[in-house]
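Structure file my_file08.txt; described as compact mmCIF, C-alpha atoms.
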```txt
# COMPACT_ATOMS: atom_id res chain seq x y z
CA MET A 1 121.12 75.92 116.53
CA GLU A 2 122.13 79.12 118.30
CA TYR A 3 122.45 81.40 115.26
CA ASP A 4 120.46 84.38 114.01
CA VAL A 5 120.90 83.61 110.30
CA LEU A 6 121.83 80.38 108.54
CA LEU A 7 123.70 80.44 105.20
CA VAL A 8 123.17 77.40 102.98
CA ASP A 9 125.42 76.70 100.01
CA LEU A 10 123.68 74.02 97.96
CA ASN A 11 126.78 73.61 95.78
CA ASN A 12 128.74 71.98 98.59
CA ILE A 13 126.20 69.58 100.11
CA PHE A 14 127.67 66.44 98.52
CA ARG A 15 131.39 67.26 98.37
CA SER A 16 132.33 65.56 101.64
CA PHE A 17 130.86 62.21 100.57
CA GLU A 18 132.92 59.65 98.67
CA THR A 19 131.93 58.68 95.14
CA TYR A 20 132.93 56.03 92.66
CA GLY A 21 132.14 56.42 89.02
CA GLU A 22 128.99 57.88 87.54
CA TYR A 23 125.47 56.77 86.80
CA ASN A 24 123.50 58.49 84.03
CA GLY A 25 126.26 61.11 83.89
CA LEU A 26 125.98 62.05 87.59
CA PRO A 27 128.18 61.13 90.58
CA ARG A 28 127.40 57.80 92.27
CA ILE A 29 127.88 57.91 96.06
CA THR A 30 129.50 54.80 97.57
CA ASP A 31 127.25 52.32 99.37
CA HIS A 32 128.62 53.25 102.79
CA ASP A 33 128.43 57.01 102.22
CA SER A 34 124.95 56.69 100.69
CA ILE A 35 123.64 55.75 104.13
CA GLN A 36 125.62 58.56 105.78
CA LEU A 37 124.35 61.10 103.25
CA LYS A 38 120.71 60.22 103.81
CA LEU A 39 121.13 60.47 107.58
CA HIS A 40 122.91 63.79 107.14
CA LEU A 41 120.15 65.24 104.96
CA LYS A 42 117.42 64.05 107.33
CA LYS A 43 119.16 65.64 110.33
CA ARG A 44 119.87 68.95 108.57
CA LYS A 45 116.34 69.16 107.19
CA THR A 46 114.91 68.79 110.71
CA GLU A 47 117.29 71.48 112.02
CA ILE A 48 116.34 73.86 109.21
CA LYS A 49 112.64 73.36 109.88
CA GLU A 50 113.11 74.07 113.62
CA PHE A 51 115.25 77.08 112.74
CA LEU A 52 112.48 78.58 110.60
CA GLU A 53 109.77 77.78 113.15
CA SER A 54 111.71 79.81 115.72
CA GLY A 55 111.34 82.91 113.51
CA LYS A 56 114.89 82.92 112.11
CA ASN A 57 115.93 83.13 108.47
CA ILE A 58 117.82 80.96 106.03
CA ILE A 59 119.75 82.40 103.10
CA VAL A 60 120.34 80.05 100.17
CA LEU A 61 123.34 81.16 98.11
CA GLY A 62 123.73 80.14 94.49
CA GLY A 63 120.63 77.95 94.46
CA ASN A 64 122.02 75.16 92.27
CA ASP A 65 119.98 71.97 92.56
CA ASP A 66 122.89 69.52 92.52
CA CYS A 67 122.02 65.86 92.03
CA VAL A 68 123.76 62.56 92.83
CA TYR A 69 122.77 58.90 92.91
CA CYS A 70 122.68 56.98 96.18
CA TYR A 71 122.35 53.28 96.96
CA THR A 72 118.84 52.46 98.21
CA GLY A 73 119.93 49.42 100.22
CA LYS A 74 118.15 47.09 97.81
CA LYS A 75 119.96 44.67 95.50
CA ASP A 76 119.17 41.60 93.38
CA THR A 77 121.42 38.65 92.57
CA SER A 78 120.94 36.61 89.43
CA GLY A 79 122.82 33.68 87.92
CA THR A 80 125.28 31.30 89.60
CA GLY A 81 129.01 30.76 89.65
CA LYS A 82 130.91 32.80 87.11
CA ASN A 83 127.62 34.05 85.70
CA ALA A 84 126.48 35.46 89.03
CA LYS A 85 125.51 39.09 88.78
CA THR A 86 124.45 41.59 91.44
CA THR A 87 122.25 44.56 90.57
CA TYR A 88 122.32 47.53 92.98
CA TYR A 89 119.31 49.84 93.02
CA VAL A 90 120.04 53.56 93.23
CA GLU A 91 117.90 56.68 93.46
CA ASP A 92 118.55 60.32 92.65
CA VAL A 93 119.04 62.72 95.58
CA HIS A 94 118.79 66.48 95.10
CA SER A 95 120.52 69.09 97.25
CA ILE A 96 117.44 71.31 97.19
CA SER A 97 115.49 68.56 98.98
CA LEU A 98 117.25 69.87 102.08
CA LEU A 99 114.72 72.73 102.16
CA PRO A 100 111.21 72.29 103.61
CA VAL A 101 109.59 73.98 100.59
CA LYS A 102 108.96 72.95 97.01
CA VAL A 103 111.20 74.93 94.66
CA SER A 104 110.74 74.93 90.92
CA SER A 105 114.00 75.96 89.28
CA LEU A 106 115.95 75.87 86.05
CA ALA A 107 119.75 75.77 85.70
CA LEU A 108 120.79 78.95 83.92
CA SER A 109 123.88 81.07 84.57
CA GLY A 110 124.81 84.68 83.92
CA LYS A 111 125.87 87.95 85.54
CA ARG A 112 123.54 90.76 84.40
CA ILE A 113 120.83 91.29 87.03
CA SER A 114 118.19 93.90 87.77
CA PHE A 115 117.06 94.83 91.30
CA LYS A 116 113.34 94.76 92.12
CA ASN A 117 113.59 95.81 95.77
CA LYS A 118 114.80 99.36 96.49
CA LYS A 119 116.28 98.62 99.92
CA VAL A 120 118.15 95.56 98.64
CA GLU A 121 119.43 97.59 95.67
CA GLU A 122 120.81 100.32 97.94
CA GLN A 123 122.68 97.75 100.04
CA PHE A 124 123.93 95.39 97.32
CA GLU A 125 124.37 97.53 94.18
CA ARG A 126 128.09 97.75 95.01
CA TYR A 127 128.40 94.01 94.20
CA ASN A 128 126.79 94.34 90.78
CA ASP A 129 130.03 93.51 88.94
CA TYR A 130 130.47 90.32 90.97
CA PHE A 131 126.98 88.78 91.15
CA GLU A 132 126.66 85.47 89.33
CA TYR A 133 123.32 83.67 89.19
CA ARG A 134 123.22 79.96 88.37
CA THR A 135 119.51 79.30 88.86
CA VAL A 136 116.26 80.78 87.60
CA TYR A 137 113.23 80.26 89.84
CA GLU A 138 109.91 79.49 88.19
CA ASN A 139 106.32 80.17 89.30
CA VAL A 140 107.37 83.04 91.58
CA ASN A 141 105.00 86.02 91.71
CA ASP A 142 105.69 87.70 95.05
CA ASN A 143 108.62 88.93 97.15
CA ILE A 144 110.92 89.19 94.12
CA LEU A 145 114.33 90.74 94.84
CA MET A 146 116.20 90.36 91.51
CA THR A 147 115.57 89.31 87.93
CA ILE A 148 117.75 88.79 84.87
CA GLU A 149 118.30 92.22 83.34
CA GLY A 150 115.68 93.05 80.71
CA THR A 151 113.49 90.03 81.58
CA ASN A 152 111.05 88.85 84.25
CA LYS A 153 113.08 85.71 85.02
CA VAL A 154 113.56 85.56 88.79
CA VAL A 155 117.04 84.92 90.22
CA SER A 156 116.36 86.08 93.80
CA TYR A 157 113.29 86.08 96.04
CA TYR A 158 112.18 85.15 99.53
CA GLU A 159 109.46 82.90 100.86
CA GLN A 160 107.78 83.03 104.26
CA VAL A 161 107.98 79.68 106.04
CA GLY A 162 106.32 79.67 109.44
CA LYS A 163 107.76 82.56 111.41
CA GLY A 164 110.95 82.69 109.35
CA LYS A 165 112.00 83.28 105.76
CA ILE A 166 113.99 81.37 103.15
CA ILE A 167 115.85 83.92 101.03
CA PHE A 168 117.26 82.79 97.69
CA PHE A 169 120.19 84.99 96.67
CA PRO A 170 122.81 84.84 93.89
CA ASP A 171 126.39 84.18 94.88
CA LEU A 172 129.50 86.12 93.86
CA GLY A 173 131.73 85.01 91.01
CA PHE A 174 135.41 85.99 90.75
CA ASP A 175 138.11 85.56 88.12
CA ARG A 176 140.69 85.07 90.92
CA LYS A 177 143.09 87.63 89.41
CA ASN A 178 143.28 89.53 92.68
CA PRO A 179 142.65 86.97 95.47
CA THR A 180 143.37 89.41 98.32
CA ASN A 181 140.88 92.01 97.12
CA GLU A 182 138.29 89.36 96.19
CA SER A 183 138.58 87.78 99.63
CA ARG A 184 137.94 91.18 101.22
CA ILE A 185 134.89 91.76 98.99
CA GLU A 186 133.52 88.28 99.73
CA LYS A 187 133.90 88.80 103.48
CA LYS A 188 132.06 92.12 103.27
CA PHE A 189 129.33 90.52 101.15
CA LEU A 190 128.75 87.70 103.65
CA ASN A 191 128.46 90.26 106.43
CA ASP A 192 125.94 92.31 104.42
CA ILE A 193 123.91 89.26 103.38
CA SER A 194 123.66 88.18 107.02
CA ASN A 195 121.85 91.45 107.78
CA ILE A 196 119.45 91.27 104.83
CA ASN A 197 116.49 90.49 107.08
CA ASN A 198 116.62 94.06 108.41
CA LEU A 199 116.06 95.30 104.85
CA LEU A 200 112.98 93.12 104.39
CA LEU A 201 111.18 94.29 107.51
CA ASN A 202 108.23 96.59 106.83
CA GLU A 203 108.66 98.53 110.04
CA GLU A 204 111.26 99.03 112.72
CA PHE A 205 110.81 97.44 116.12
CA GLU A 206 109.80 99.91 118.80
CA LEU A 207 109.19 99.40 122.50
CA PRO A 208 105.58 99.90 123.67
CA ALA A 209 104.83 103.42 124.93
CA TYR A 210 104.13 102.29 128.48
CA SER A 211 107.66 100.87 128.83
CA LYS A 212 109.08 104.40 129.00
CA LYS A 213 107.18 105.02 132.24
CA TYR A 214 109.08 102.28 134.06
CA LEU A 215 112.77 103.02 133.72
CA LEU A 216 115.63 101.29 135.46
CA PRO A 217 118.31 103.34 137.29
CA ASN A 218 120.38 105.41 134.81
CA GLU A 219 118.12 104.29 131.95
CA GLU A 220 116.58 107.75 131.57
CA ILE A 221 120.05 109.29 131.24
CA MET A 222 120.98 106.69 128.62
CA MET A 223 117.79 107.35 126.63
CA ASN A 224 118.44 111.11 126.69
CA ASP A 225 121.98 110.47 125.45
CA ILE A 226 120.59 108.30 122.64
CA ASP A 227 118.14 111.04 121.62
CA LYS A 228 120.97 113.60 121.57
CA SER A 229 123.08 111.25 119.44
CA LYS A 230 120.21 110.81 116.98
CA CYS A 231 119.88 114.60 116.64
CA GLU A 232 123.63 114.98 116.04
CA LEU A 233 123.55 112.17 113.48
CA ASN A 234 120.68 113.81 111.59
CA LYS A 235 122.58 117.11 111.53
CA LEU A 236 125.68 115.33 110.25
CA LEU A 237 123.75 113.56 107.50
CA THR A 238 122.16 116.87 106.50
CA ASN A 239 125.59 118.51 106.35
CA ILE A 240 126.92 115.67 104.21
CA GLU A 241 124.00 116.06 101.81
CA ASN A 242 124.57 119.82 101.64
CA LYS A 243 128.24 119.31 100.82
CA ASN A 244 127.17 118.29 97.33
CA ASN A 245 126.78 121.95 96.42
CA VAL A 246 127.94 125.41 97.41
CA VAL A 247 126.37 128.81 96.65
CA ASN A 248 128.49 131.92 96.09
CA PRO A 249 131.68 130.54 97.70
CA GLU A 250 134.47 132.90 98.69
CA GLY A 251 138.04 132.29 97.67
CA THR A 252 139.09 129.53 95.29
CA VAL A 253 137.49 126.08 95.05
CA TYR A 254 139.69 123.30 93.66
CA PHE A 255 138.32 120.24 91.89
CA GLU A 256 139.99 116.84 91.53
CA ALA A 257 138.35 114.62 88.94
CA ASN A 258 139.54 111.00 88.77
CA SER A 259 142.66 111.95 90.69
CA ALA A 260 145.11 109.31 91.91
CA THR A 261 146.95 111.70 94.20
CA GLY A 262 147.10 110.91 97.85
CA SER A 263 145.97 107.31 98.00
CA LYS A 264 149.21 106.01 96.53
CA TYR A 265 151.04 107.36 99.55
CA TYR A 266 149.00 105.42 102.12
CA GLN A 267 146.67 102.43 102.44
CA LEU A 268 143.29 103.95 101.54
CA ILE A 269 141.12 101.17 103.00
CA GLY A 270 143.20 100.50 106.11
CA THR A 271 143.69 104.17 106.99
CA GLN A 272 140.83 105.72 108.93
CA GLN A 273 140.64 109.51 108.83
CA ASN A 274 139.01 111.51 111.62
CA TYR A 275 136.34 112.65 109.18
CA ILE A 276 135.54 112.01 105.55
CA ALA A 277 132.31 113.11 103.88
CA ALA A 278 132.25 110.40 101.22
CA ARG A 279 134.53 107.49 100.40
CA SER A 280 134.34 105.97 96.96
CA GLN A 281 136.76 103.21 95.97
CA SER A 282 135.04 101.41 93.12
CA TRP A 283 138.13 99.46 91.93
CA ARG A 284 137.13 100.09 88.33
CA PRO A 285 137.65 102.80 85.68
CA THR A 286 135.61 106.01 86.00
CA TYR A 287 135.29 109.27 84.09
CA SER A 288 134.03 112.71 85.07
CA VAL A 289 131.87 115.14 83.10
CA ILE A 290 131.88 118.87 83.79
CA ASP A 291 128.68 120.76 82.89
CA PHE A 292 128.41 124.55 82.68
CA THR A 293 125.43 126.89 82.72
CA GLU A 294 125.35 130.67 83.08
CA THR A 295 125.46 130.40 86.86
CA THR A 296 126.58 126.84 87.73
CA LEU A 297 129.45 124.41 87.33
CA THR A 298 128.70 120.73 88.03
CA VAL A 299 131.05 117.75 88.09
CA LYS A 300 129.60 114.24 87.90
CA THR A 301 131.61 111.01 87.92
CA TYR A 302 130.44 107.88 86.09
CA ASP A 303 131.28 104.17 86.06
CA ALA A 304 133.06 103.61 82.74
CA ALA A 305 131.58 100.12 82.33
CA THR A 306 127.91 100.92 82.98
CA ASN A 307 127.82 104.70 82.37
CA THR A 308 125.87 105.11 85.61
CA GLU A 309 126.59 107.91 88.06
CA LEU A 310 129.00 106.85 90.79
CA VAL A 311 127.67 106.63 94.33
CA ALA A 312 130.05 106.52 97.29
CA ASP A 313 129.82 104.20 100.30
CA GLY A 314 126.75 105.05 102.35
CA ASN A 315 124.75 105.84 99.18
CA ILE A 316 126.23 109.36 99.04
CA LYS A 317 126.13 111.09 95.66
CA THR A 318 129.53 112.16 94.38
CA SER A 319 128.35 114.98 92.11
CA TYR A 320 129.30 118.53 93.12
CA THR A 321 127.86 121.87 92.01
CA ILE A 322 129.07 125.44 92.41
CA VAL A 323 126.37 128.10 92.08
CA LYS A 324 127.60 131.62 91.38
CA SER A 325 124.75 134.12 91.20
CA VAL A 326 125.72 137.46 89.60
CA GLU A 327 123.93 140.46 88.20
CA LYS A 328 124.29 140.18 84.43
CA GLU A 329 124.17 143.97 83.89
CA ASP A 330 127.07 144.47 86.33
CA LEU A 331 129.00 141.73 84.56
CA LYS A 332 128.42 143.34 81.15
CA LYS A 333 129.66 146.70 82.47
CA GLU A 334 132.82 145.05 83.81
CA ILE A 335 133.47 143.38 80.44
CA GLU A 336 132.85 146.64 78.53
CA SER A 337 135.20 148.50 80.90
CA ALA A 338 137.90 145.89 80.43
CA GLU A 339 137.56 146.09 76.64
CA VAL A 340 137.91 149.93 76.73
CA LYS A 341 141.07 149.67 78.83
CA LEU A 342 142.45 147.00 76.49
CA GLY A 343 141.83 149.32 73.51
CA GLU A 344 143.61 152.20 75.26
CA VAL A 345 146.64 150.01 75.99
CA LYS A 346 146.82 148.83 72.39
CA ALA A 347 146.50 152.42 71.08
CA ALA A 348 149.32 153.57 73.36
CA GLY A 349 151.53 150.81 72.00
CA THR A 350 152.15 149.33 75.43
CA TYR A 351 150.23 146.12 74.71
CA PRO A 352 152.70 143.23 74.92
```
For this file, produce the structure as structure tokens.
Amino acid sequence: MEYDVLLVDLNNIFRSFETYGEYNGLPRITDHDSIQLKLHLKKRKTEIKEFLESGKNIIVLGGNDDCVYCYTGKKDTSGTGKNAKTTYYVEDVHSISLLPVKVSSLALSGKRISFKNKKVEEQFERYNDYFEYRTVYENVNDNILMTIEGTNKVVSYYEQVGKGKIIFFPDLGFDRKNPTNESRIEKKFLNDISNINNLLLNEEFELPAYSKKYLLPNEEIMMNDIDKSKCELNKLLTNIENKNNVVNPEGTVYFEANSATGSKYYQLIGTQQNYIAARSQSWRPTYSVIDFTETTLTVKTYDAATNTELVADGNIKTSYTIVKSVEKEDLKKEIESAEVKLGEVKAAGTYP
């Protein structure tokens, strides 16, 4: 398979196979499709094993261990004539058997999760309101990515298999009240989850030092351009970080807290400005708190549902602080002078 990452949805393994009735409360695959299903699972399992051996990764979404009953190909006939009876032998087939590892899991669903990997949290915290786990993994001690909030029950982890990894990750759950927006979020999530391997690497890939001695034509120019771009990017990121505060500003600084102005006049997501320091469109209620000290004014915005400080796309903090350093003695003199003038105006009877 010529792919970098393979997404496996265990909830949909059996849906394309025809069933009739149930056995022990579970779907019973038809005799014909039972054979097709077993061949399908055998083929896919071989492909998955080869995929992992080549050093590529598999991401298992949801993690449900669905189960059906399939015809084994064995049957017994008893009795004769009208009393003849045929008994078909069936066996249970689990969707998780598709994977080349033994997984111990328990069906349990919920939405409140806690991140255990900092890099994964930074990338996927934006989906916190949409995550929906349906499986808890047992006997997992290493490489844990998420647990149920307030517990040590694992709902996401990864396992090294050969040169590759199998990554178990919760899926997203929607109420389908806003299909257009949910479709956009789901598309973004699938793109982010496809790049999760980069977050799990311990170090970045770097060419050996000797390779820089043997450059192709124009390669040196390209490398110099890349180095310049990196320097400019670092400066830009530093500037963005510094935009979270200002010291002794001149003129007037205006604040907008939870403002709806502007975005209702254009498509916020579709419109791309030439430059924007931080974009935050959380699609949920927020509130802002303004804190004062003797020399500072700070505005912080919080998620109304979780009471956590809002972070814009790119993990940029949205808080802003103005620092105004003044000499207190000079300020007292100005206040005293103003009070004297106010008293003179009142005494002269010209105070409005």
Determine, counting all atoms listed in the file, which protein, DNA and RNA residues have an atom within 12 Å of an atom of Asn24 of chain A; residues of the same chain fewer than 4 positions away are not included. Present the result as an MDAnalysis selection string. chainID A and resid 28 67:69 90:92
Using atom CA of Arg44 of chain A and atom CA of Phe189 of chain A as the two end points, give the distance in Å to one decimal. 24.7 Å
Scan for residues within 12 Å of the point (122.0, 124.2, 86.4) in the coordinates of the file, using all atoms listed in the file, and reply as a count of residues only. 17
Selection near Ser78 of chain A, 12 Å with all atoms listed in the file, sequence-local residues under 6 positions removed, as a ChimeraX atom specification: /A:84-88
Distance query Lys300 of chain A at most 8 Å, only C-alpha atoms, self and fewer than 3 positions along chain excluded, as a ChimeraX atom specification: /A:288-290,309-310,318-320
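Note that the spacing between atom CA of Ile148 of chain A and atom CA of Tyr287 of chain A amounts to 27.0 Å.
Put simply, atom CA of Val5 of chain A is 8.3 Å away from atom CA of Asn195 of chain A.
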List the spatial neighbours of Leu108 of chain A as a CSV table (one decimal) with C-alpha atoms, in the coordinates of the input - criterion: any atom at most 9 Å away, only C-alpha atoms, same-chain residues fewer than 6 positions off excluded.
```
chain,number,residue,atom,x,y,z
A,133,TYR,CA,123.3,83.7,89.2
A,134,ARG,CA,123.2,80.0,88.4
A,135,THR,CA,119.5,79.3,88.9
A,136,VAL,CA,116.3,80.8,87.6
```
Could you give me, as a PDB file with C-alpha atoms, in the coordinates of the input, the residues within 10 Å of Asn128 of chain A, counting all atoms listed in the file and dropping anything in the same chain fewer than 6 positions from it?
```pdb
ATOM      1  CA  LYS A 111     125.870  87.950  85.540  1.00  0.00           C
ATOM      2  CA  ARG A 112     123.540  90.760  84.400  1.00  0.00           C
ATOM      3  CA  ILE A 113     120.830  91.290  87.030  1.00  0.00           C
ATOM      4  CA  SER A 114     118.190  93.900  87.770  1.00  0.00           C
ATOM      5  CA  PHE A 115     117.060  94.830  91.300  1.00  0.00           C
ATOM      6  CA  GLU A 121     119.430  97.590  95.670  1.00  0.00           C
ATOM      7  CA  LEU A 172     129.500  86.120  93.860  1.00  0.00           C
TER       8      LEU A 172
END
```
To test the calculation: enclose all listed atoms of segment 5-12 of chain A in a box whose edges run along x, y and z, add 5 Å on each side, then state centre and edge lengths in Å to one decimal, as lines of an AutoDock Vina configuration file.
```
center_x = 124.8
center_y = 77.8
center_z = 103.0
size_x = 17.8
size_y = 21.6
size_z = 24.5
```
Hey, which of A:Tyr130, A:Phe168, A:Phe17, A:Phe174 ends up closest to Asn57 of chain A? Count all atoms listed in the file. A:Phe168
Anything within 12 Å of (128.9, 86.7, 101.4): list those residues as JSON, numbers by chain, counting all atoms listed in the file and sticking to the file's coordinates. {"A": [6, 7, 8, 9, 59, 60, 61, 62, 124, 127, 130, 131, 169, 170, 171, 172, 173, 182, 183, 184, 185, 186, 187, 188, 189, 190, 191, 192, 193, 194, 195, 196]}
